[in-house]
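**Student:** File name final.pdb; file contents PDB, C-alpha atoms and all ligand atoms; full text below.
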MODEL        1
ATOM      1  CA  MET A   1       0.000   0.000   0.000
ATOM      2  CA  LYS A   2       1.289   3.456  -0.829
ATOM      3  CA  ARG A   3       2.215   5.567   2.163
ATOM      4  CA  ARG A   4      -0.450   8.180   1.466
ATOM      5  CA  GLU A   5      -3.186   5.594   1.323
ATOM      6  CA  GLU A   6      -1.815   3.922   4.424
ATOM      7  CA  ASN A   7      -2.055   7.158   6.369
ATOM      8  CA  GLU A   8      -5.541   7.762   5.143
ATOM      9  CA  THR A   9      -6.638   4.334   6.251
ATOM     10  CA  LYS A  10      -5.052   4.875   9.657
ATOM     11  CA  SER A  11      -6.890   8.096  10.209
ATOM     12  CA  ALA A  12     -10.115   6.439   9.132
ATOM     13  CA  VAL A  13      -9.636   3.769  11.742
ATOM     14  CA  ALA A  14      -8.718   6.295  14.409
ATOM     15  CA  ASN A  15     -11.847   8.226  13.737
ATOM     16  CA  ASN A  16     -14.666   6.237  15.200
ATOM     17  CA  THR A  17     -17.173   8.984  15.935
ATOM     18  CA  GLU A  18     -20.707   8.274  14.921
ATOM     19  CA  SER A  19     -21.398  11.367  12.933
ATOM     20  CA  VAL A  20     -18.376  11.270  10.697
ATOM     21  CA  GLN A  21     -16.804   8.822   8.359
ATOM     22  CA  LYS A  22     -13.449   9.438   6.810
ATOM     23  CA  ASN A  23     -13.343   8.748   3.171
ATOM     24  CA  THR A  24     -10.297   6.653   2.522
ATOM     25  CA  ARG A  25      -9.757   8.329  -0.827
ATOM     26  CA  ASN A  26      -9.136  11.494   1.179
ATOM     27  CA  ASN A  27     -12.101  13.595   0.310
ATOM     28  CA  GLY A  28     -12.020  14.513   3.980
ATOM     29  CA  PRO A  29     -14.646  13.729   6.558
ATOM     30  CA  VAL A  30     -18.278  13.435   5.659
ATOM     31  CA  PHE A  31     -20.496  15.200   8.153
ATOM     32  CA  PHE A  32     -23.845  13.642   8.878
ATOM     33  CA  VAL A  33     -26.785  15.471  10.239
ATOM     34  CA  GLU A  34     -28.852  13.622  12.801
ATOM     35  CA  GLU A  35     -32.271  13.843  14.313
ATOM     36  CA  PRO A  36     -31.789  15.159  17.853
ATOM     37  CA  LYS A  37     -31.771  12.302  20.336
ATOM     38  CA  TYR A  38     -33.112  14.201  23.366
ATOM     39  CA  THR A  39     -35.786  16.700  24.246
ATOM     40  CA  LEU A  40     -35.783  19.302  27.006
ATOM     41  CA  ASP A  41     -38.048  17.010  29.031
ATOM     42  CA  ASP A  42     -35.343  14.360  29.126
ATOM     43  CA  ILE A  43     -32.848  16.560  30.970
ATOM     44  CA  ILE A  44     -32.942  16.956  34.717
ATOM     45  CA  LEU A  45     -31.518  20.333  35.661
ATOM     46  CA  PRO A  46     -32.147  23.052  38.225
ATOM     47  CA  SER A  47     -34.918  25.301  36.963
ATOM     48  CA  ASN A  48     -32.646  28.317  36.494
ATOM     49  CA  VAL A  49     -30.410  26.377  34.101
ATOM     50  CA  LYS A  50     -33.415  25.076  32.205
ATOM     51  CA  GLU A  51     -34.700  28.642  31.984
ATOM     52  CA  GLN A  52     -31.440  29.791  30.453
ATOM     53  CA  ILE A  53     -31.602  26.996  27.901
ATOM     54  CA  LEU A  54     -35.179  27.871  27.032
ATOM     55  CA  ASP A  55     -34.195  31.481  26.769
ATOM     56  CA  VAL A  56     -31.506  30.878  24.141
ATOM     57  CA  ALA A  57     -33.674  28.362  22.338
ATOM     58  CA  ASP A  58     -36.492  30.894  22.182
ATOM     59  CA  TYR A  59     -34.130  33.563  20.970
ATOM     60  CA  ALA A  60     -32.972  31.264  18.204
ATOM     61  CA  HIS A  61     -36.559  30.402  17.418
ATOM     62  CA  ASN A  62     -37.598  34.026  17.164
ATOM     63  CA  SER A  63     -34.521  34.809  15.111
ATOM     64  CA  LYS A  64     -36.140  33.077  12.185
ATOM     65  CA  VAL A  65     -39.127  35.395  12.298
ATOM     66  CA  VAL A  66     -37.102  38.527  12.946
ATOM     67  CA  PHE A  67     -34.221  37.968  10.577
ATOM     68  CA  GLU A  68     -35.689  35.839   7.830
ATOM     69  CA  ASP A  69     -39.404  36.575   7.699
ATOM     70  CA  TRP A  70     -39.107  40.247   8.632
ATOM     71  CA  GLY A  71     -35.912  40.798   6.679
ATOM     72  CA  LEU A  72     -33.621  42.084   9.397
ATOM     73  CA  GLU A  73     -30.907  39.868   7.995
ATOM     74  CA  ILE A  74     -30.430  42.512   5.310
ATOM     75  CA  THR A  75     -30.465  45.531   7.582
ATOM     76  CA  HIS A  76     -28.663  43.894  10.502
ATOM     77  CA  LYS A  77     -26.228  41.761   8.667
ATOM     78  CA  TYR A  78     -23.941  40.786  11.502
ATOM     79  CA  SER A  79     -26.401  40.478  14.347
ATOM     80  CA  LYS A  80     -27.887  37.201  13.359
ATOM     81  CA  ARG A  81     -25.195  34.885  14.540
ATOM     82  CA  MET A  82     -25.633  33.586  18.034
ATOM     83  CA  GLY A  83     -23.061  31.440  19.747
ATOM     84  CA  ILE A  84     -23.827  29.600  22.913
ATOM     85  CA  ASN A  85     -21.437  27.722  25.084
ATOM     86  CA  LEU A  86     -22.540  25.004  27.466
ATOM     87  CA  TYR A  87     -19.823  24.493  30.041
ATOM     88  CA  GLY A  88     -19.236  22.518  33.196
ATOM     89  CA  PRO A  89     -18.116  19.110  34.469
ATOM     90  CA  SER A  90     -18.466  16.104  32.224
ATOM     91  CA  GLY A  91     -21.561  13.951  32.450
ATOM     92  CA  THR A  92     -23.853  16.810  33.478
ATOM     93  CA  GLY A  93     -25.991  16.886  30.337
ATOM     94  CA  LYS A  94     -24.301  19.343  27.985
ATOM     95  CA  THR A  95     -24.400  17.086  24.949
ATOM     96  CA  MET A  96     -27.979  16.201  25.820
ATOM     97  CA  ALA A  97     -28.865  19.888  26.011
ATOM     98  CA  ALA A  98     -27.450  20.571  22.546
ATOM     99  CA  HIS A  99     -29.717  17.856  21.143
ATOM    100  CA  ALA A 100     -32.654  19.206  23.118
ATOM    101  CA  ILE A 101     -32.142  22.732  21.784
ATOM    102  CA  ALA A 102     -32.016  21.488  18.192
ATOM    103  CA  ASN A 103     -35.138  19.458  18.875
ATOM    104  CA  TYR A 104     -36.882  22.503  20.327
ATOM    105  CA  LEU A 105     -36.042  24.420  17.167
ATOM    106  CA  GLY A 106     -37.357  21.603  14.996
ATOM    107  CA  ARG A 107     -33.968  21.301  13.343
ATOM    108  CA  LYS A 108     -31.470  18.519  12.865
ATOM    109  CA  ILE A 109     -28.094  18.585  14.527
ATOM    110  CA  LEU A 110     -24.633  18.345  13.029
ATOM    111  CA  ILE A 111     -22.135  17.244  15.641
ATOM    112  CA  VAL A 112     -18.504  18.099  15.072
ATOM    113  CA  ASN A 113     -15.732  16.767  17.257
ATOM    114  CA  TYR A 114     -12.263  18.205  17.192
ATOM    115  CA  ALA A 115     -10.892  14.893  15.950
ATOM    116  CA  ASP A 116     -13.136  15.145  12.875
ATOM    117  CA  LEU A 117     -11.535  18.398  11.866
ATOM    118  CA  GLU A 118      -7.936  17.532  12.406
ATOM    119  CA  SER A 119      -6.172  16.209   9.401
ATOM    120  CA  LYS A 120      -2.696  14.889   9.013
ATOM    121  CA  TYR A 121      -2.401  16.737   5.772
ATOM    122  CA  VAL A 122      -1.301  20.321   5.843
ATOM    123  CA  GLY A 123      -4.074  22.545   4.658
ATOM    124  CA  GLU A 124      -6.806  19.953   5.017
ATOM    125  CA  THR A 125      -8.073  21.096   8.418
ATOM    126  CA  PRO A 126      -9.401  24.471   7.223
ATOM    127  CA  LYS A 127     -11.108  22.645   4.395
ATOM    128  CA  ASN A 128     -12.752  20.281   6.881
ATOM    129  CA  ILE A 129     -14.030  23.106   9.058
ATOM    130  CA  ARG A 130     -15.387  24.911   6.037
ATOM    131  CA  LYS A 131     -17.106  21.715   4.989
ATOM    132  CA  ALA A 132     -18.712  21.322   8.415
ATOM    133  CA  PHE A 133     -20.170  24.818   8.262
ATOM    134  CA  GLN A 134     -21.276  24.361   4.677
ATOM    135  CA  THR A 135     -23.010  21.073   5.475
ATOM    136  CA  ALA A 136     -24.854  22.700   8.374
ATOM    137  CA  LYS A 137     -25.935  25.522   6.117
ATOM    138  CA  ASP A 138     -27.060  23.253   3.265
ATOM    139  CA  THR A 139     -29.061  21.024   5.590
ATOM    140  CA  HIS A 140     -30.322  23.859   7.810
ATOM    141  CA  SER A 141     -29.091  21.970  10.830
ATOM    142  CA  VAL A 142     -27.764  23.314  14.102
ATOM    143  CA  ILE A 143     -24.000  23.029  14.176
ATOM    144  CA  PHE A 144     -22.642  21.728  17.456
ATOM    145  CA  PHE A 145     -18.972  21.606  18.407
ATOM    146  CA  ASP A 146     -18.883  19.031  21.159
ATOM    147  CA  GLU A 147     -15.936  18.847  23.560
ATOM    148  CA  ALA A 148     -14.599  22.021  22.013
ATOM    149  CA  ASP A 149     -11.950  22.705  24.662
ATOM    150  CA  ALA A 150      -9.081  22.315  22.230
ATOM    151  CA  ILE A 151     -10.609  24.691  19.729
ATOM    152  CA  LEU A 152     -11.717  27.392  22.131
ATOM    153  CA  SER A 153      -8.778  27.633  24.454
ATOM    154  CA  ARG A 154      -6.116  30.254  24.162
ATOM    155  CA  ARG A 155      -3.805  30.091  21.219
ATOM    156  CA  VAL A 156      -0.563  28.307  21.768
ATOM    157  CA  THR A 157       2.222  30.865  21.747
ATOM    158  CA  ASN A 158       5.331  28.751  21.925
ATOM    159  CA  MET A 159       4.610  26.419  19.114
ATOM    160  CA  SER A 160       6.865  23.564  20.012
ATOM    161  CA  ASN A 161       5.469  20.924  17.758
ATOM    162  CA  ALA A 162       3.317  20.255  14.754
ATOM    163  CA  THR A 163       0.225  19.659  16.895
ATOM    164  CA  ASP A 164       0.440  23.160  18.353
ATOM    165  CA  VAL A 165       0.742  24.668  14.900
ATOM    166  CA  SER A 166      -2.212  22.671  13.733
ATOM    167  CA  VAL A 167      -4.366  23.618  16.752
ATOM    168  CA  ASN A 168      -3.595  27.271  16.096
ATOM    169  CA  GLN A 169      -4.464  26.894  12.463
ATOM    170  CA  THR A 170      -7.762  25.259  13.353
ATOM    171  CA  ARG A 171      -8.541  28.145  15.683
ATOM    172  CA  SER A 172      -7.727  30.877  13.216
ATOM    173  CA  VAL A 173      -9.917  29.307  10.586
ATOM    174  CA  MET A 174     -12.703  28.764  13.107
ATOM    175  CA  LEU A 175     -12.601  32.438  14.042
ATOM    176  CA  MET A 176     -12.782  33.490  10.423
ATOM    177  CA  LEU A 177     -15.674  31.195   9.635
ATOM    178  CA  LEU A 178     -17.494  32.185  12.803
ATOM    179  CA  ASN A 179     -17.428  35.755  11.580
ATOM    180  CA  ASP A 180     -19.115  34.808   8.355
ATOM    181  CA  TYR A 181     -21.534  32.278   9.758
ATOM    182  CA  GLN A 182     -24.855  33.895  10.462
ATOM    183  CA  ASP A 183     -26.695  31.235  12.364
ATOM    184  CA  PHE A 184     -27.132  29.593  15.700
ATOM    185  CA  ILE A 185     -24.100  27.661  16.857
ATOM    186  CA  ILE A 186     -23.516  25.580  19.970
ATOM    187  CA  PHE A 187     -20.320  24.661  21.766
ATOM    188  CA  ALA A 188     -19.851  22.351  24.734
ATOM    189  CA  THR A 189     -16.744  22.524  26.898
ATOM    190  CA  ASN A 190     -15.507  21.130  30.161
ATOM    191  CA  PHE A 191     -13.247  24.097  30.864
ATOM    192  CA  ILE A 192     -13.452  27.727  29.954
ATOM    193  CA  GLU A 193     -10.672  29.182  31.993
ATOM    194  CA  ASN A 194      -8.342  28.949  29.036
ATOM    195  CA  PHE A 195     -10.767  30.501  26.629
ATOM    196  CA  ASP A 196      -9.379  32.621  23.880
ATOM    197  CA  SER A 197     -10.850  36.108  24.208
ATOM    198  CA  ALA A 198     -11.450  36.279  20.465
ATOM    199  CA  PHE A 199     -13.852  33.385  20.881
ATOM    200  CA  MET A 200     -15.469  34.932  23.927
ATOM    201  CA  ARG A 201     -16.437  37.908  21.793
ATOM    202  CA  ARG A 202     -18.165  35.681  19.304
ATOM    203  CA  ILE A 203     -20.028  33.551  21.804
ATOM    204  CA  SER A 204     -22.737  35.614  23.375
ATOM    205  CA  ARG A 205     -24.219  33.192  25.882
ATOM    206  CA  HIS A 206     -22.573  30.940  28.369
ATOM    207  CA  ILE A 207     -24.616  28.427  30.305
ATOM    208  CA  ARG A 208     -23.065  26.797  33.288
ATOM    209  CA  PHE A 209     -23.839  23.160  34.074
ATOM    210  CA  GLU A 210     -23.199  22.025  37.629
ATOM    211  CA  LEU A 211     -23.146  18.659  39.297
ATOM    212  CA  PRO A 212     -26.734  17.939  40.371
ATOM    213  CA  ASP A 213     -27.905  19.205  43.768
ATOM    214  CA  TYR A 214     -29.960  17.063  46.172
ATOM    215  CA  GLU A 215     -33.261  17.646  44.402
ATOM    216  CA  CYS A 216     -31.839  16.860  40.997
ATOM    217  CA  ARG A 217     -30.123  13.770  42.353
ATOM    218  CA  VAL A 218     -33.445  12.471  43.648
ATOM    219  CA  LYS A 219     -35.004  13.061  40.233
ATOM    220  CA  LEU A 220     -32.075  11.447  38.445
ATOM    221  CA  TRP A 221     -32.222   8.307  40.595
ATOM    222  CA  GLN A 222     -35.981   8.154  40.079
ATOM    223  CA  ASN A 223     -35.524   8.641  36.377
ATOM    224  CA  TYR A 224     -32.889   5.962  35.905
ATOM    225  CA  ILE A 225     -34.412   3.269  38.151
ATOM    226  CA  PRO A 226     -37.120   1.657  36.030
ATOM    227  CA  TYR A 227     -40.337   0.897  37.866
ATOM    228  CA  LYS A 228     -40.174  -2.697  36.596
ATOM    229  CA  MET A 229     -36.837  -3.347  38.239
ATOM    230  CA  PRO A 230     -37.321  -5.122  41.563
ATOM    231  CA  ASN A 231     -35.241  -3.314  44.160
ATOM    232  CA  ASN A 232     -34.978  -2.042  47.704
ATOM    233  CA  ILE A 233     -33.074   1.119  46.785
ATOM    234  CA  ASP A 234     -33.591   4.026  49.164
ATOM    235  CA  ILE A 235     -33.375   6.985  46.792
ATOM    236  CA  LYS A 236     -33.535   9.640  49.504
ATOM    237  CA  LYS A 237     -30.674   8.031  51.377
ATOM    238  CA  LEU A 238     -28.546   7.733  48.236
ATOM    239  CA  SER A 239     -29.238  11.355  47.341
ATOM    240  CA  THR A 240     -28.328  12.520  50.838
ATOM    241  CA  ASP A 241     -25.251  10.371  51.315
ATOM    242  CA  TYR A 242     -23.618  10.827  47.930
ATOM    243  CA  ASP A 243     -23.048  14.141  46.252
ATOM    244  CA  GLY A 244     -20.365  14.695  43.644
ATOM    245  CA  LEU A 245     -22.151  12.346  41.245
ATOM    246  CA  SER A 246     -23.111  13.537  37.771
ATOM    247  CA  GLY A 247     -26.249  12.526  35.911
ATOM    248  CA  SER A 248     -24.120  10.214  33.871
ATOM    249  CA  ASP A 249     -22.659   8.604  37.035
ATOM    250  CA  ILE A 250     -26.139   7.970  38.418
ATOM    251  CA  GLU A 251     -27.265   6.432  35.156
ATOM    252  CA  ASN A 252     -24.194   4.172  35.137
ATOM    253  CA  ALA A 253     -24.520   3.213  38.790
ATOM    254  CA  VAL A 254     -28.018   1.837  38.235
ATOM    255  CA  LEU A 255     -26.890  -0.097  35.187
ATOM    256  CA  MET A 256     -23.861  -1.588  36.908
ATOM    257  CA  ALA A 257     -25.815  -2.571  40.028
ATOM    258  CA  ALA A 258     -28.519  -4.169  37.867
ATOM    259  CA  PHE A 259     -25.967  -6.288  36.019
ATOM    260  CA  LYS A 260     -24.285  -7.287  39.221
ATOM    261  CA  SER A 261     -27.614  -8.452  40.661
ATOM    262  CA  ALA A 262     -28.471 -10.305  37.479
ATOM    263  CA  ARG A 263     -25.110 -12.033  37.495
ATOM    264  CA  HIS A 264     -25.673 -13.164  41.070
ATOM    265  CA  ARG A 265     -29.186 -14.308  40.215
ATOM    266  CA  ASP A 266     -30.565 -12.051  42.939
ATOM    267  CA  ARG A 267     -34.305 -11.551  43.192
ATOM    268  CA  PHE A 268     -33.912  -7.805  43.398
ATOM    269  CA  VAL A 269     -31.317  -5.067  43.020
ATOM    270  CA  SER A 270     -30.158  -4.168  46.481
ATOM    271  CA  HIS A 271     -29.438  -0.758  47.893
ATOM    272  CA  ASP A 272     -26.082  -2.061  49.078
ATOM    273  CA  TYR A 273     -25.020  -2.941  45.544
ATOM    274  CA  VAL A 274     -25.833   0.528  44.347
ATOM    275  CA  GLU A 275     -23.863   2.042  47.218
ATOM    276  CA  GLU A 276     -20.925  -0.174  46.429
ATOM    277  CA  VAL A 277     -20.970   0.887  42.795
ATOM    278  CA  VAL A 278     -21.358   4.561  43.719
ATOM    279  CA  GLN A 279     -18.385   4.379  46.048
ATOM    280  CA  GLY A 280     -16.326   2.851  43.280
ATOM    281  CA  ILE A 281     -17.321   5.620  40.883
ATOM    282  CA  LEU A 282     -16.487   8.344  43.400
ATOM    283  CA  LYS A 283     -13.171   6.711  44.219
ATOM    284  CA  SER A 284     -12.078   6.578  40.600
ATOM    285  CA  LYS A 285     -13.209  10.164  40.109
ATOM    286  CA  ASN A 286     -11.076  11.287  43.031
ATOM    287  CA  GLU A 287      -8.101   9.365  41.747
ATOM    288  CA  ASN A 288      -8.445  11.003  38.356
ATOM    289  CA  LYS A 289      -8.643  14.385  40.013
ATOM    290  CA  LYS A 290      -5.407  13.787  41.864
ATOM    291  CA  GLU A 291      -3.668  12.793  38.673
ATOM    292  CA  MET A 292      -4.905  15.865  36.887
ATOM    293  CA  VAL A 293      -3.546  18.517  39.222
ATOM    294  CA  VAL A 294      -2.878  20.768  36.273
ATOM    295  CA  THR A 295      -6.461  20.763  35.099
ATOM    296  CA  LYS A 296      -7.842  21.013  38.615
ATOM    297  CA  LYS A 297      -7.156  24.715  38.809
ATOM    298  CA  ARG A 298      -8.962  25.285  35.548
ATOM    299  CA  VAL A 299     -12.204  25.515  37.430
ATOM    300  CA  VAL A 300     -14.828  27.226  35.433
ATOM    301  CA  SER A 301     -16.169  30.491  36.826
ATOM    302  CA  GLU A 302     -18.793  32.815  35.517
ATOM    303  CA  GLU A 303     -16.869  35.845  36.732
ATOM    304  CA  TYR A 304     -13.926  34.761  34.674
ATOM    305  CA  ALA A 305     -16.122  34.378  31.615
ATOM    306  CA  LYS A 306     -17.522  37.873  32.110
ATOM    307  CA  LYS A 307     -14.090  39.389  32.601
ATOM    308  CA  GLN A 308     -12.829  37.756  29.456
ATOM    309  CA  MET A 309     -15.779  39.102  27.526
ATOM    310  CA  GLU A 310     -15.274  42.611  28.851
ATOM    311  CA  LYS A 311     -11.593  42.455  28.034
ATOM    312  CA  SER A 312     -12.334  41.529  24.481
ATOM    313  CA  ASN A 313     -14.944  44.188  23.823
TER     314      ASN A 313
HETATM  315  N1  LIG B 401     -28.884  16.446  33.603
HETATM  316  C1  LIG B 401     -29.130  15.209  33.184
HETATM  317  N2  LIG B 401     -30.386  14.718  33.129
HETATM  318  C2  LIG B 401     -30.639  13.460  32.717
HETATM  319  N3  LIG B 401     -29.669  12.626  32.304
HETATM  320  C3  LIG B 401     -28.383  13.029  32.325
HETATM  321  C4  LIG B 401     -28.057  14.351  32.764
HETATM  322  N4  LIG B 401     -26.731  14.513  32.667
HETATM  323  C5  LIG B 401     -26.237  13.362  32.185
HETATM  324  N5  LIG B 401     -27.225  12.459  31.966
HETATM  325  C6  LIG B 401     -27.034  11.084  31.413
HETATM  326  O1  LIG B 401     -25.655  10.914  31.152
HETATM  327  C7  LIG B 401     -25.377  10.783  29.752
HETATM  328  C8  LIG B 401     -24.175  11.617  29.377
HETATM  329  O2  LIG B 401     -24.486  13.000  29.490
HETATM  330  P1  LIG B 401     -23.905  14.087  28.482
HETATM  331  O3  LIG B 401     -24.997  14.965  28.031
HETATM  332  O4  LIG B 401     -23.114  13.416  27.409
HETATM  333  O5  LIG B 401     -22.927  14.884  29.457
HETATM  334  P2  LIG B 401     -21.821  15.968  29.068
HETATM  335  O6  LIG B 401     -21.983  16.308  27.632
HETATM  336  O7  LIG B 401     -22.087  17.116  29.994
HETATM  337  O8  LIG B 401     -20.501  15.310  29.373
HETATM  338  C9  LIG B 401     -26.644  11.257  29.061
HETATM  339  O9  LIG B 401     -26.808  10.602  27.835
HETATM  340  C10 LIG B 401     -27.727  10.903  30.076
HETATM  341  O10 LIG B 401     -28.101   9.569  29.932
HETATM  342 MG    MG B 402     -20.650  15.674  26.151
ENDMDL
END
Starting from the file, give its structure as structure tokens.
Ligand SMILES: Nc1ncnc2c1ncn2[C@@H]1O[C@H](COP(=O)(O)OP(=O)(O)O)[C@@H](O)[C@H]1O
Ligand SMILES: [Mg+2]
**Tutor:**
Amino acid sequence: MKRREENETKSAVANNTESVQKNTRNNGPVFFVEEPKYTLDDIILPSNVKEQILDVADYAHNSKVVFEDWGLEITHKYSKRMGINLYGPSGTGKTMAAHAIANYLGRKILIVNYADLESKYVGETPKNIRKAFQTAKDTHSVIFFDEADAILSRRVTNMSNATDVSVNQTRSVMLMLLNDYQDFIIFATNFIENFDSAFMRRISRHIRFELPDYECRVKLWQNYIPYKMPNNIDIKKLSTDYDGLSGSDIENAVLMAAFKSARHRDRFVSHDYVEEVVQGILKSKNENKKEMVVTKKRVVSEEYAKKQMEKSN
């Protein structure tokens, strides 16, 4: 196999995201639009966060009337674009929310991951980004940059290797295309402390996702324990005794405890099993935290976001 083809095949294998398939003849990634998988009713969030989501979704909804039907897109050429950034710890429902917003707008969603954009070939990455935007435009879908930390963080100044150069290139092109793109766009990030101020200027709304509080934990446990599953789980006790769990952790804990019970041929899923699983999840989370001392200080704060925005205006 020729080296070029070999590389192309490798990158195709490396890229296993659902929404994208690499064409081995190097036509770049193909972006697929999807029907949104979640609705706003599926997400359990404190009411103020839900309100903020509804608020941006309504704004986007009304944008169609104002800009398209009433023609303000001609008179207010550069006001139409609206960027929103969903940020906060992983597993708190950011990806879900992006789907739910698209669903609320009655539009499909085009999910772009950083890995889809990166290309080993010099000059291909800008082409890929352009293609993503073009596909969203052609299909009238909501473009969603999931896990966009790499794209949105500050530009690398001491470019020590090819990856840094490539990340910078991706960012510059993103900024340029963002300027021209006059539609709703969603980002999801786990950190924003390293945000590039040029991006902050172009993203007008930031919605913070937190780990669920007691009330949300109760709802999450209720939501993810099916009524058909025999169990003696004390949801109130679990919600009181264990904070620090994300929605995703709670979903997983139920699943893992159910399988454990099934494996042991138990008649019901016991509270103790769930506790055991939860403790395991929390332990591994803490261990990861310790290992990632560097990222620990990149705690997301609204004040920081505001400051960055002010700085850039
Ligand atoms: N707030 C939530 N409400 C209901 N389910 C949730 C919530 N957060 C996470 N989940 C569950 O965990 C899974 C992963 O959540 P996801 O939206 O991918 O989190 P994030 O994008 O913030 O990392 C979801 O598919 C859902 O099953
Ligand atoms: Mg996600």
**Student:** Restricting the calculation to all atoms listed in the file, which member of A:Val65, A:Ile74, A:Val33, A:Leu40 is positioned closest to ligand LIG 401 (chain B)?
**Tutor:**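 Of all the options, A:Leu40 lies closest to ligand LIG 401 (chain B).
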**Student:** Which residues are close to segment 105-112 of chain A, i.e. within 8 Å by all atoms listed in the file, leaving aside same-chain residues fewer than 3 positions away? Reply as a compact mmCIF listing (two decimals) with C-alpha atoms, in the frame of the given file.
**Tutor:**
# COMPACT_ATOMS: atom_id res chain seq x y z
CA SER A 19 -21.40 11.37 12.93
CA PHE A 31 -20.50 15.20 8.15
CA PHE A 32 -23.84 13.64 8.88
CA VAL A 33 -26.78 15.47 10.24
CA GLU A 34 -28.85 13.62 12.80
CA GLU A 35 -32.27 13.84 14.31
CA PRO A 36 -31.79 15.16 17.85
CA ALA A 57 -33.67 28.36 22.34
CA ALA A 60 -32.97 31.26 18.20
CA HIS A 61 -36.56 30.40 17.42
CA HIS A 99 -29.72 17.86 21.14
CA ILE A 101 -32.14 22.73 21.78
CA ALA A 102 -32.02 21.49 18.19
CA ASP A 116 -13.14 15.14 12.88
CA LEU A 117 -11.54 18.40 11.87
CA ALA A 132 -18.71 21.32 8.41
CA ALA A 136 -24.85 22.70 8.37
CA HIS A 140 -30.32 23.86 7.81
CA SER A 141 -29.09 21.97 10.83
CA VAL A 142 -27.76 23.31 14.10
CA ILE A 143 -24.00 23.03 14.18
CA PHE A 144 -22.64 21.73 17.46
CA PHE A 145 -18.97 21.61 18.41
CA ASP A 146 -18.88 19.03 21.16
**Student:** Give the answer as one residue: which of A:Ser63, A:Asn128, A:Thr92, A:Ser270 has the shortest atom-to-atom distance to ligand LIG 401 (chain B), using only C-alpha atoms and all ligand atoms?
**Tutor:**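 So, comparing all the options, the nearest one is A:Thr92.
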**Student:** Tell me which residues the PyMOL selection byres (((not hetatm)) within 9 of (chain B and resi 402)) grabs here, as a PDB file with C-alpha atoms, keeping the file's coordinate frame.
**Tutor:**
ATOM      1  CA  SER A  90     -18.466  16.104  32.224  1.00  0.00           C
ATOM      2  CA  GLY A  91     -21.561  13.951  32.450  1.00  0.00           C
ATOM      3  CA  THR A  92     -23.853  16.810  33.478  1.00  0.00           C
ATOM      4  CA  GLY A  93     -25.991  16.886  30.337  1.00  0.00           C
ATOM      5  CA  LYS A  94     -24.301  19.343  27.985  1.00  0.00           C
ATOM      6  CA  THR A  95     -24.400  17.086  24.949  1.00  0.00           C
ATOM      7  CA  MET A  96     -27.979  16.201  25.820  1.00  0.00           C
ATOM      8  CA  ASP A 146     -18.883  19.031  21.159  1.00  0.00           C
ATOM      9  CA  GLU A 147     -15.936  18.847  23.560  1.00  0.00           C
ATOM     10  CA  ALA A 188     -19.851  22.351  24.734  1.00  0.00           C
ATOM     11  CA  THR A 189     -16.744  22.524  26.898  1.00  0.00           C
ATOM     12  CA  ASN A 190     -15.507  21.130  30.161  1.00  0.00           C
TER      13      ASN A 190
END
**Student:** Written as an NGL selection string, which residues does the PyMOL selection byres (((chain A and resi 234-243) around 9) and not hetatm) give for the file shown?
**Tutor:** :A and (211-218 or 221-222 or 232-233 or 244-246 or 271 or 274-275 or 278-279 or 282)
**Student:** Between atom CA of Leu45 of chain A and atom N4 of ligand LIG 401 (chain B), what is the spacing in Å?
**Tutor:**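 About the pair atom N4 of ligand LIG 401 (chain B) and atom CA of Leu45 of chain A: they are 8.1 Å apart.
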**Student:** Selected by the PyMOL selection byres (((chain A and resi 277) around 10) and not hetatm) in the shown coordinates: which residues, as a list in words?
**Tutor:**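 So the PyMOL selection byres (((chain A and resi 277) around 10) and not hetatm) ends up selecting Asp249, Ile250, Asn252, Ala253, Val254, Leu255, Met256, Ala257, Lys260, Asp272, Tyr273, Val274, Glu275, Glu276, Val278, Gln279, Gly280, Ile281, Leu282 and Lys283 of chain A.
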**Student:** Quote the spacing between atom C2 of ligand LIG 401 (chain B) and atom CA of Gly88 of chain A in Å to one decimal place.
**Tutor:** 14.6 Å
**Student:** For Tyr87 of chain A, which of A:Ile192, A:Lys131, A:Pro29, A:Ser47 is the closest residue, counting all atoms listed in the file?
**Tutor:**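 Result for the nearest residue to Tyr87 of chain A: A:Ile192.
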**Student:** Given the choices A:Asn168, A:Ser197, A:Asn85, A:Thr139, which gets closest to ligand LIG 401 (chain B) if the distance is worked out from all atoms listed in the file?
**Tutor:**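 Ranked by minimum distance to ligand LIG 401 (chain B), first place goes to A:Asn85.
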**Student:** For atom CA of Tyr224 of chain A and atom C1 of ligand LIG 401 (chain B), determine how far apart the two atoms are, in Å to one decimal place.
**Tutor:**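 Atom CA of Tyr224 of chain A sits 10.3 Å away from atom C1 of ligand LIG 401 (chain B).
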**Student:** With only C-alpha atoms and all ligand atoms as the atoms that count, which of A:Thr170, A:Ser261, A:Asn288, A:Ser248 lies nearest to ligand LIG 401 (chain B)?
**Tutor:**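 So, comparing all the options, the nearest one is A:Ser248.
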**Student:** Select, from A:Glu124, A:Asp42, A:Asp58, A:Glu68, the residue with the minimum atom-to-atom distance to ligand LIG 401 (chain B), counting all atoms listed in the file.
**Tutor:** A:Asp42
**Student:** Using all atoms of segment 251-262 of chain A that appear in the file, construct an axis-aligned enclosing box with 3 Å of padding on every side and provide its centre coordinates and edge lengths in Å, rounded to one decimal, as AutoDock Vina command-line options.
**Tutor:**
--center_x -26.2 --center_y -1.9 --center_z 37.9 --size_x 10.7 --size_y 22.7 --size_z 11.5
**Student:** Quick one: residues within 9 Å of (-8.6, 24.1, 21.8) (file frame), counting all atoms listed in the file, please, as a list in words.
**Tutor:** Tyr114, Ala148, Asp149, Ala150, Ile151, Leu152, Ser153, Arg154, Arg155, Val167, Asn168, Thr170, Arg171, Asn194, Phe195 and Asp196 of chain A
